[in-house]
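One structure below.
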Amino acid sequence: MSTYLVYTAGGVLLYALGTYGLLARRHLIHKVISANFMGSGVFLILIGLGNRSPEGGPDPVPQAMVLTGIVVTVALTALGLAIVKRYYTATGIDNLDDEPSAGGDR
Amino acid sequence: MTAWLPMLIPAIAGIATFALGESRGRARNAVNLAAAAISIALVARLVVHAYNGTVISSTLPMLPGLSLGMSADLLGLLFATVATVLWGVTLVYAIGYMDHATDRARFFGFFALCIAAANGVALADDPLSLFIFYEILSLTTYPLVVHNGTPEALSAGRKYLFYALGGGAALLVGVAWLAVIAGQTPFTPGGALAAVSDRTAELRVIFALMVAGFGVKAALMPLHGWLPGAMVAPAPVSSLLHAVAVVKAGVFGIIRLVNELYGPELATSLGLATPLAIFAGITIIVASVIALRQDDFKRRLAYSTIAQLSYITLGTALCSPLAAAGALAHLAHHAVMKITMFFTAGSVYETLHVKKVSQMPGLARRMPLTMASFAVAAFALAGIPPLVGFASKWMLGVGAVEDGSVWALLIYVASGALAIGYMVPVLTSALRPGEHDPATGAESDPRMLWPIVTVGVLTIVLGLTAGLPGSPVHWAMTAISPSFGGWTP
Amino acid sequence: MNVLAQLPGLLVAVPLAGAAISFVAGRRRAPHVAITTAFVVLGLAVALAVHVLDGGPFRYHVGGWGAPLGIDLVADGAAALFLVLTAIVGLVVTLYATAYFRTDDETAYGHGLFWTLWLFMWTSLNALFLTGDVFNVYVCLELVGISAVTLVTIGGGAEALRAGARYLFASMLGAMTYLLGVALLYAATGQLDMDVLRTTLVADTTAATGLALMIAALVLKTALVPAHFWLPAAHGSAPSPVSAVLSSLVVKGSYFVILRLMLDVMPAGYLPGVDIFLGVLGSAAIVWGSVQALLQTRIKQLVAYSTVAQIGYLFLVFPLARHGADVLTLALTGVLVHALSHGLAKAGLFLGAGSLMTRFGHDRIADMGGAVRSTPALTFGVALAGVTMMGLPPSGGFGAKWLLVSAALASGEWWWAVVLVTGGLLAAAYMFRLLSVLLTDAPTELHASKGDVRTEWLPLALALGAVLLVLAIPLVSNLAAASNVLIHAGVTP
């Protein structure tokens, strides 16, 4: 049970750190990485859950969730980085606070 | 199904008008005139049925536990007949009036849709159905009010919508609330709410909400602000919609509400009728006084309309059978008189660009038939016998006395005098010799002239025949009678 | 093998296959693949709705594995309604897009991929409406999110990229929070299947915290005020067919999950006060979104803020649900009708806005005078869509407003009725602000002289659908009665 608690506490900590980073950091790359922090925190909690019944074997469901979650997060991260790169190339801006000078879209 | 047709035929004509487009003018006129002729024949048939005691009705399930219903009873048919017959007359006039105008497909399309909505209001069998057509009427009138697309028209349209949608919102809550406590409540002469009559507090609020909703179109002060501005619309719109269909939908709603939803008895015992009568009485006097001072011809007529509508509201609110019948008869009579006047206003504007009473000198000689028709209608409005306005006003006055409301009689008498006060200056101005010499040209386009003469003659004929079966007076008494336990005069 | 029982699987598999084929088919043939797929999916969705009406809700075991080990798809009346809505809007948007992207610059970034991404998003949306498993909801939400963000940025302009980035970060925040909620819920219950959770959920702080986190995350994805900050930019700067789908369908996906969690999975009062809180936020959304819409000077921003407002109505069902089965039935039918009518009308409005922008060459409302002359069908379509937004009869929006107002009055909490009526009047204010410009008699300088028949008439078709929906309310209320929410609440049709 204590192992589970450590994983959970660590996971929540990572999640909170990530949330803070996603909301507070200006730089877009920082935001993408912060989102990955959040994900890792949740995965940590889920991995910890795999061992919550001491008498039985490991629970496979949380592991399946973590694997799926990792795949999804990788895809999101890739998409995020691609958008950030294109945005930077187009405008030279690396954050969301500054307005781009002229919108060229419809 | 037959009960739906007076609503459906104009609606189909409206859609067909849009489909035909701007360029096919002849086909458009043919479709609209044919639809009007068919509707008139159909309504006439329904009237014969209703007079023989067969009320044709039909329902369609719509919302959970509630259905949409149409019922061709005498009360509704009176309004439907007025709207349909005058639609036919106005069409001829409008075809002449809009001869050189643009966007005619849009104009005639929405025009027909408005009539469809007015007929829907007339024949609606329950508060929900009435509400639905009442709102459709607001929406389909908006494009007509802003038809010219000028900033003035758009601003009038905005004001109209503000009032109409605000009133509609109050009406929606009232109707929905009633449905929650009483379920489906088809209009029943004498009242449909006997089963829930002990819920007095809720019923009072619902009545107030509904009066606020109908009061907007009935131009009950202080809800009248939209009407004078909405007169910027083309004259046929002012004539038919703001003297006949739209405003009458409001007073007709009040008639249904008092006589066939609450019933005169419940409306009186809940103490709802008297406040309504007081509002109407104040409106009559205030609007008549304002009308005295209007130089703009259409605005003068608009304030006269506001006053005359409250005649109907006051008559209904008195909850006495003769006054109620007089109110219903006045609904038809006022439509005929006021449409004559608005046609005149449109003709003199379209032919000579006269907008103000002070610009009228010479008009009587330049356009004698037009102004003669106007004079007949003006005297009728003031209640001079044997013209059409006299019969209904007499019923309203006697009804007020029978009810013991002498103050109401005094209001009717005073407003009759005021009506002379705001109508006669128009005539004297037109009779003075002036710039509009007959040598400079003749009457207006015959397509505008003859509809005016027709409705002008109608004000005389209906006045002379008021005592005969089938006249609006007889019709109104027959239609009102069941609401007062089979009353006969 | 009973084909009808396979419908839930087919509704996911067919658009997925379409997406794959459209990618391989190339830019020229991709539109044909998309149109074919859209027709087939519409047929499947209608068949599913008919099947549910006949035999009630049913489950589909993906890969033959049942819950709790496998993943179940659940087809009930409410899901069928959302699937049919998605299919109708999807078909019209697909047809519209064939005209919209053709007139566009062929070399513009990504347009060849539009079809694949759009069909992929459709797949994910269908899966989201059908899934009966809280973890699978996470996966579906992310698939919708990835395709939606990509579609927003498909034009490649700076503003779209910025909006897309903002949307993506909101999406990530929501996804991770939702997953944290799922983790806590699983820690407390060991279950992921909604139906099993419904029958086994007991009072427990961890489970309640998990569910609260999940709902908070879904509220962010649904863009309920005050979590709406990402929506106007994303919906306003995407290409118009994409805006239409985002506003009309995508926000409904996460909403539908909230609906099921709040009214089906959790027993009444499991998260005390949350139902009223959501109702209050919904009311705030109606007022705030409408006021913002009134202040916008660009047409798509106006329409996007209108979505913020219209989403608010959907949340009024939660406080009303506390007042017994009759009020719940009225309110649930009301929000379902609202979801449908808003879905159709809002898609029509966005497509109409797109066509107006193509015709005028800009998006400034003030300079769109005279549209009624040059594009009457389009103007009429925008006006009709406005009628349903305002909730005026005869329209689906009126049906929704009537049902919700009745529910509010029947519950005794009349103040929700005041919110509903005020919302309708505010909608009238912002819609007529647009319409009064379109109806002016101003001489028009058109950028594109002649519109395509699809871009002129398809917005009108959607708006007409939203209006005619009022006639289909008995059908919607039958499907609502076949929804798990009402069946589990003990309402017998």
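If you're wondering about the labels, chains in the structure tokens are A, B, ... by order shown, residues count from 1 in each chain, ligands from 1 in order shown.
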Neighbour list for Ala117 of chain B as a list in words, cut-off 8 Å, only C-alpha atoms, skip fewer than 5 positions in-chain: Met7, Phe133, Tyr134, Ile136 and Leu137 of chain B
Contact residues (chain A, partner chain C, 9 Å, only C-alpha atoms) as a PyMOL selection string: chain A and resi 12+15+19+22-23+28+31-32+35-36+38-39+41-43+45-46+49+52+61-62+65+68-69+72-73+75-76+79-80+83-84+86-87+90-91+95-96+99-106
Thr8 of chain A surroundings by only C-alpha atoms, 8 Å radius, close-in-sequence under 3 positions cut, as a list in words: Tyr4, Leu5, Gly11, Val12, Leu44, Ile45 and Gly48 of chain A
How would the residues just picked look written out with N, CA and C atoms as an mmCIF file, in the first residue's frame?
data_model
loop_
_atom_site.group_PDB
_atom_site.id
_atom_site.type_symbol
_atom_site.label_atom_id
_atom_site.label_comp_id
_atom_site.auth_asym_id
_atom_site.auth_seq_id
_atom_site.Cartn_x
_atom_site.Cartn_y
_atom_site.Cartn_z
ATOM 1 N N TYR A 4 2.196 2.129 -3.349
ATOM 2 C CA TYR A 4 1.120 2.743 -4.106
ATOM 3 C C TYR A 4 1.017 4.226 -3.757
ATOM 4 N N LEU A 5 1.111 4.522 -2.439
ATOM 5 C CA LEU A 5 1.011 5.918 -2.002
ATOM 6 C C LEU A 5 2.129 6.761 -2.579
ATOM 7 N N GLY A 11 2.961 11.073 -8.601
ATOM 8 C CA GLY A 11 2.170 11.350 -9.794
ATOM 9 C C GLY A 11 1.427 12.656 -9.669
ATOM 10 N N VAL A 12 0.781 12.864 -8.515
ATOM 11 C CA VAL A 12 0.013 14.086 -8.329
ATOM 12 C C VAL A 12 0.938 15.294 -8.389
ATOM 13 N N LEU A 44 2.146 7.564 -13.894
ATOM 14 C CA LEU A 44 2.755 7.060 -12.672
ATOM 15 C C LEU A 44 1.680 6.542 -11.712
ATOM 16 N N ILE A 45 0.630 7.316 -11.578
ATOM 17 C CA ILE A 45 -0.461 6.884 -10.694
ATOM 18 C C ILE A 45 -1.059 5.578 -11.203
ATOM 19 N N GLY A 48 1.146 2.624 -10.542
ATOM 20 C CA GLY A 48 1.034 2.264 -9.129
ATOM 21 C C GLY A 48 -0.204 1.438 -8.852
#
Do you have, as a Markdown table, the list of residues of chain B lying at most 7 Å from chain C, each with its nearest atom pair and that distance in Å to one decimal, counting only C-alpha atoms and ordered by chain then number?
| residue | atom | partner | partner_atom | distance |
| --- | --- | --- | --- | --- |
| B:Met62 | CA | C:Pro474 | CA | 6.2 |
| B:Leu63 | CA | C:Ile473 | CA | 6.3 |
| B:Pro64 | CA | C:Pro474 | CA | 6.7 |
| B:Ile132 | CA | C:Pro393 | CA | 5.5 |
| B:Glu135 | CA | C:Pro393 | CA | 6.3 |
| B:Ile136 | CA | C:Pro393 | CA | 6.4 |
| B:Gly149 | CA | C:Thr440 | CA | 4.6 |
| B:Thr150 | CA | C:Asp441 | CA | 6.7 |
| B:Leu154 | CA | C:Ser436 | CA | 6.7 |
| B:Leu165 | CA | C:Leu425 | CA | 7.0 |
| B:Ala169 | CA | C:Val421 | CA | 6.1 |
| B:Ala176 | CA | C:Ser406 | CA | 5.6 |
| B:Trp177 | CA | C:Leu409 | CA | 6.2 |
| B:Val180 | CA | C:Ala410 | CA | 5.9 |
Exercise: Ala268 of chain C partners within 12 Å, only C-alpha atoms, chain neighbours under 4 positions left out, as an MDAnalysis selection string: chainID C and resid 198 201:203 261:264 272:275 318:325 328 485 488:489
All alpha helix (DSSP H) residues (DSSP, backbone) inside segment 123-308 of chain C, as a PyMOL selection string: chain C and resi 123-130+134-152+158-189+194-200+205-222+231-237+240-245+251-260+274-295+299-308
Residues just named, written with C-alpha atoms as a tab-separated table (two decimals), in the first residue's frame:
chain	number	residue	atom	x	y	z
C	123	THR	CA	-14.91	8.38	-36.94
C	124	SER	CA	-13.74	9.59	-33.54
C	125	LEU	CA	-16.96	11.51	-32.93
C	126	ASN	CA	-19.09	8.47	-33.73
C	127	ALA	CA	-16.95	6.40	-31.39
C	128	LEU	CA	-17.28	9.05	-28.68
C	129	PHE	CA	-21.07	9.06	-28.93
C	130	LEU	CA	-21.19	5.27	-28.76
C	134	VAL	CA	-14.78	5.97	-19.42
C	135	PHE	CA	-11.22	5.26	-20.56
C	136	ASN	CA	-12.30	4.81	-24.13
C	137	VAL	CA	-13.91	8.25	-23.81
C	138	TYR	CA	-10.41	9.61	-23.17
C	139	VAL	CA	-9.07	7.98	-26.30
C	140	CYS	CA	-11.97	9.20	-28.43
C	141	LEU	CA	-11.72	12.72	-27.04
C	142	GLU	CA	-8.04	12.83	-27.94
C	143	LEU	CA	-8.64	11.52	-31.43
C	144	VAL	CA	-11.30	14.18	-31.94
C	145	GLY	CA	-8.94	16.77	-30.46
C	146	ILE	CA	-5.97	15.84	-32.66
C	147	SER	CA	-8.01	15.94	-35.84
C	148	ALA	CA	-9.84	19.10	-34.78
C	149	VAL	CA	-6.65	21.01	-33.96
C	150	THR	CA	-5.09	19.93	-37.23
C	151	LEU	CA	-8.18	21.01	-39.15
C	152	VAL	CA	-8.16	24.43	-37.47
C	158	ALA	CA	-0.64	32.87	-38.42
C	159	GLU	CA	-3.97	33.52	-36.74
C	160	ALA	CA	-5.16	29.97	-37.36
C	161	LEU	CA	-1.90	28.53	-36.04
C	162	ARG	CA	-2.15	30.66	-32.93
C	163	ALA	CA	-5.76	29.61	-32.39
C	164	GLY	CA	-4.79	26.00	-33.05
C	165	ALA	CA	-1.98	26.13	-30.50
C	166	ARG	CA	-4.31	27.59	-27.89
C	167	TYR	CA	-6.89	24.94	-28.70
C	168	LEU	CA	-4.26	22.21	-28.46
C	169	PHE	CA	-3.06	23.34	-25.03
C	170	ALA	CA	-6.64	23.55	-23.74
C	171	SER	CA	-7.18	20.10	-25.19
C	172	MET	CA	-4.06	18.70	-23.51
C	173	LEU	CA	-4.97	20.23	-20.16
C	174	GLY	CA	-8.42	18.71	-20.46
C	175	ALA	CA	-7.14	15.32	-21.55
C	176	MET	CA	-4.59	14.92	-18.79
C	177	THR	CA	-7.05	16.07	-16.16
C	178	TYR	CA	-9.68	13.68	-17.48
C	179	LEU	CA	-7.17	10.84	-17.38
C	180	LEU	CA	-6.21	11.71	-13.81
C	181	GLY	CA	-9.91	11.53	-12.97
C	182	VAL	CA	-10.18	8.12	-14.61
C	183	ALA	CA	-7.14	6.93	-12.65
C	184	LEU	CA	-8.71	8.00	-9.35
C	185	LEU	CA	-12.06	6.50	-10.28
C	186	TYR	CA	-10.37	3.22	-11.22
C	187	ALA	CA	-8.37	3.28	-8.02
C	188	ALA	CA	-11.57	3.52	-6.01
C	189	THR	CA	-13.80	1.17	-7.99
C	194	MET	CA	-20.21	3.15	-17.37
C	195	ASP	CA	-23.02	0.69	-16.88
C	196	VAL	CA	-21.09	-1.35	-14.30
C	197	LEU	CA	-20.10	1.89	-12.55
C	198	ARG	CA	-23.73	2.97	-12.48
C	199	THR	CA	-24.77	-0.12	-10.57
C	200	THR	CA	-21.73	-0.38	-8.28
C	205	THR	CA	-14.02	10.40	-1.68
C	206	THR	CA	-11.52	9.12	-4.23
C	207	ALA	CA	-14.19	8.10	-6.70
C	208	ALA	CA	-16.02	11.40	-6.24
C	209	THR	CA	-12.78	13.36	-6.73
C	210	GLY	CA	-12.09	11.37	-9.88
C	211	LEU	CA	-15.52	12.02	-11.28
C	212	ALA	CA	-15.30	15.71	-10.40
C	213	LEU	CA	-11.96	15.97	-12.24
C	214	MET	CA	-13.43	14.17	-15.24
C	215	ILE	CA	-16.38	16.55	-15.35
C	216	ALA	CA	-14.14	19.59	-14.95
C	217	ALA	CA	-12.03	18.37	-17.87
C	218	LEU	CA	-15.09	17.75	-20.02
C	219	VAL	CA	-16.45	21.20	-19.17
C	220	LEU	CA	-13.18	22.63	-20.49
C	221	LYS	CA	-13.56	20.63	-23.70
C	222	THR	CA	-17.17	21.72	-24.07
C	231	LEU	CA	-13.27	28.49	-28.54
C	232	PRO	CA	-13.91	31.81	-30.32
C	233	ALA	CA	-10.41	31.97	-31.79
C	234	ALA	CA	-10.38	28.32	-32.85
C	235	HIS	CA	-13.89	28.27	-34.31
C	236	GLY	CA	-13.53	31.74	-35.76
C	237	SER	CA	-10.23	31.26	-37.59
C	240	SER	CA	-15.64	27.59	-42.57
C	241	PRO	CA	-16.55	23.91	-43.10
C	242	VAL	CA	-14.27	23.09	-40.17
C	243	SER	CA	-15.82	25.83	-38.01
C	244	ALA	CA	-19.23	24.38	-38.79
C	245	VAL	CA	-18.25	20.92	-37.62
C	251	VAL	CA	-18.54	20.43	-28.47
C	252	LYS	CA	-21.56	18.11	-28.29
C	253	GLY	CA	-19.24	15.11	-28.04
C	254	SER	CA	-17.77	16.04	-24.68
C	255	TYR	CA	-21.14	17.37	-23.55
C	256	PHE	CA	-22.75	14.02	-24.18
C	257	VAL	CA	-20.21	12.38	-21.87
C	258	ILE	CA	-21.03	14.91	-19.12
C	259	LEU	CA	-24.71	14.17	-19.66
C	260	ARG	CA	-24.20	10.46	-19.18
C	274	VAL	CA	-22.39	20.28	-8.99
C	275	ASP	CA	-25.72	20.10	-10.84
C	276	ILE	CA	-26.73	23.57	-9.68
C	277	PHE	CA	-23.22	24.89	-10.27
C	278	LEU	CA	-23.32	23.67	-13.88
C	279	GLY	CA	-26.73	25.31	-14.32
C	280	VAL	CA	-25.35	28.60	-13.01
C	281	LEU	CA	-22.34	28.39	-15.33
C	282	GLY	CA	-24.73	27.59	-18.18
C	283	SER	CA	-26.77	30.69	-17.39
C	284	ALA	CA	-23.61	32.78	-17.23
C	285	ALA	CA	-22.58	31.36	-20.60
C	286	ILE	CA	-25.90	32.33	-22.16
C	287	VAL	CA	-25.58	35.92	-21.00
C	288	TRP	CA	-21.83	36.36	-21.44
C	289	GLY	CA	-21.64	34.65	-24.82
C	290	SER	CA	-24.57	36.64	-26.18
C	291	VAL	CA	-23.19	39.96	-24.96
C	292	GLN	CA	-19.82	39.15	-26.52
C	293	ALA	CA	-21.52	38.13	-29.76
C	294	LEU	CA	-23.27	41.47	-29.77
C	295	LEU	CA	-19.92	43.26	-29.58
C	299	ILE	CA	-18.91	37.65	-38.74
C	300	LYS	CA	-17.30	34.39	-37.70
C	301	GLN	CA	-16.38	35.75	-34.29
C	302	LEU	CA	-20.03	36.64	-33.80
C	303	VAL	CA	-21.12	33.14	-34.74
C	304	ALA	CA	-18.44	31.60	-32.51
C	305	TYR	CA	-19.54	33.61	-29.46
C	306	SER	CA	-23.08	32.60	-30.25
C	307	THR	CA	-21.88	29.01	-29.79
C	308	VAL	CA	-20.48	29.95	-26.37
Gly229 of chain B surroundings by only C-alpha atoms, 10 Å radius, close-in-sequence under 3 positions cut, as a PyMOL selection string: chain B and resi 145+152-153+155-157+159-160+225-226+232-233+298-299+302
Residue subset to file, keeping C-alpha atoms, as a short mmCIF file (atom, residue, chain, number, x, y, z; two decimals), in the first residue's frame:
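The result, stored in out34.cif:
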data_model
loop_
_atom_site.label_atom_id
_atom_site.label_comp_id
_atom_site.auth_asym_id
_atom_site.auth_seq_id
_atom_site.Cartn_x
_atom_site.Cartn_y
_atom_site.Cartn_z
CA VAL B 145 -41.34 46.96 -42.26
CA GLU B 152 -35.21 55.03 -41.04
CA ALA B 153 -36.92 51.78 -41.97
CA SER B 155 -34.51 51.68 -37.14
CA ALA B 156 -38.30 51.30 -37.16
CA GLY B 157 -37.81 47.60 -37.79
CA LYS B 159 -37.98 48.98 -32.62
CA TYR B 160 -40.77 46.78 -33.92
CA GLY B 225 -44.26 52.61 -29.11
CA TRP B 226 -43.48 50.49 -32.18
CA VAL B 232 -42.50 53.86 -42.71
CA ALA B 233 -43.32 50.62 -44.47
CA LYS B 298 -49.80 58.30 -41.58
CA ARG B 299 -48.77 59.06 -38.01
CA ALA B 302 -51.44 55.40 -36.56
#
For Ala34 of chain C: contacts at 7 Å, only C-alpha atoms, fewer than 6 positions along chain excluded, given as JSON, numbers by chain: {"C": [18, 22, 94, 115]}
Convert the current residue selection to file output with C-alpha atoms, as a short mmCIF file (atom, residue, chain, number, x, y, z; two decimals), in the first residue's frame.
data_model
loop_
_atom_site.label_atom_id
_atom_site.label_comp_id
_atom_site.auth_asym_id
_atom_site.auth_seq_id
_atom_site.Cartn_x
_atom_site.Cartn_y
_atom_site.Cartn_z
CA GLY C 18 -13.24 6.13 -45.73
CA SER C 22 -9.33 9.05 -49.08
CA THR C 94 -18.81 17.37 -47.07
CA TRP C 115 -10.85 14.92 -46.43
#
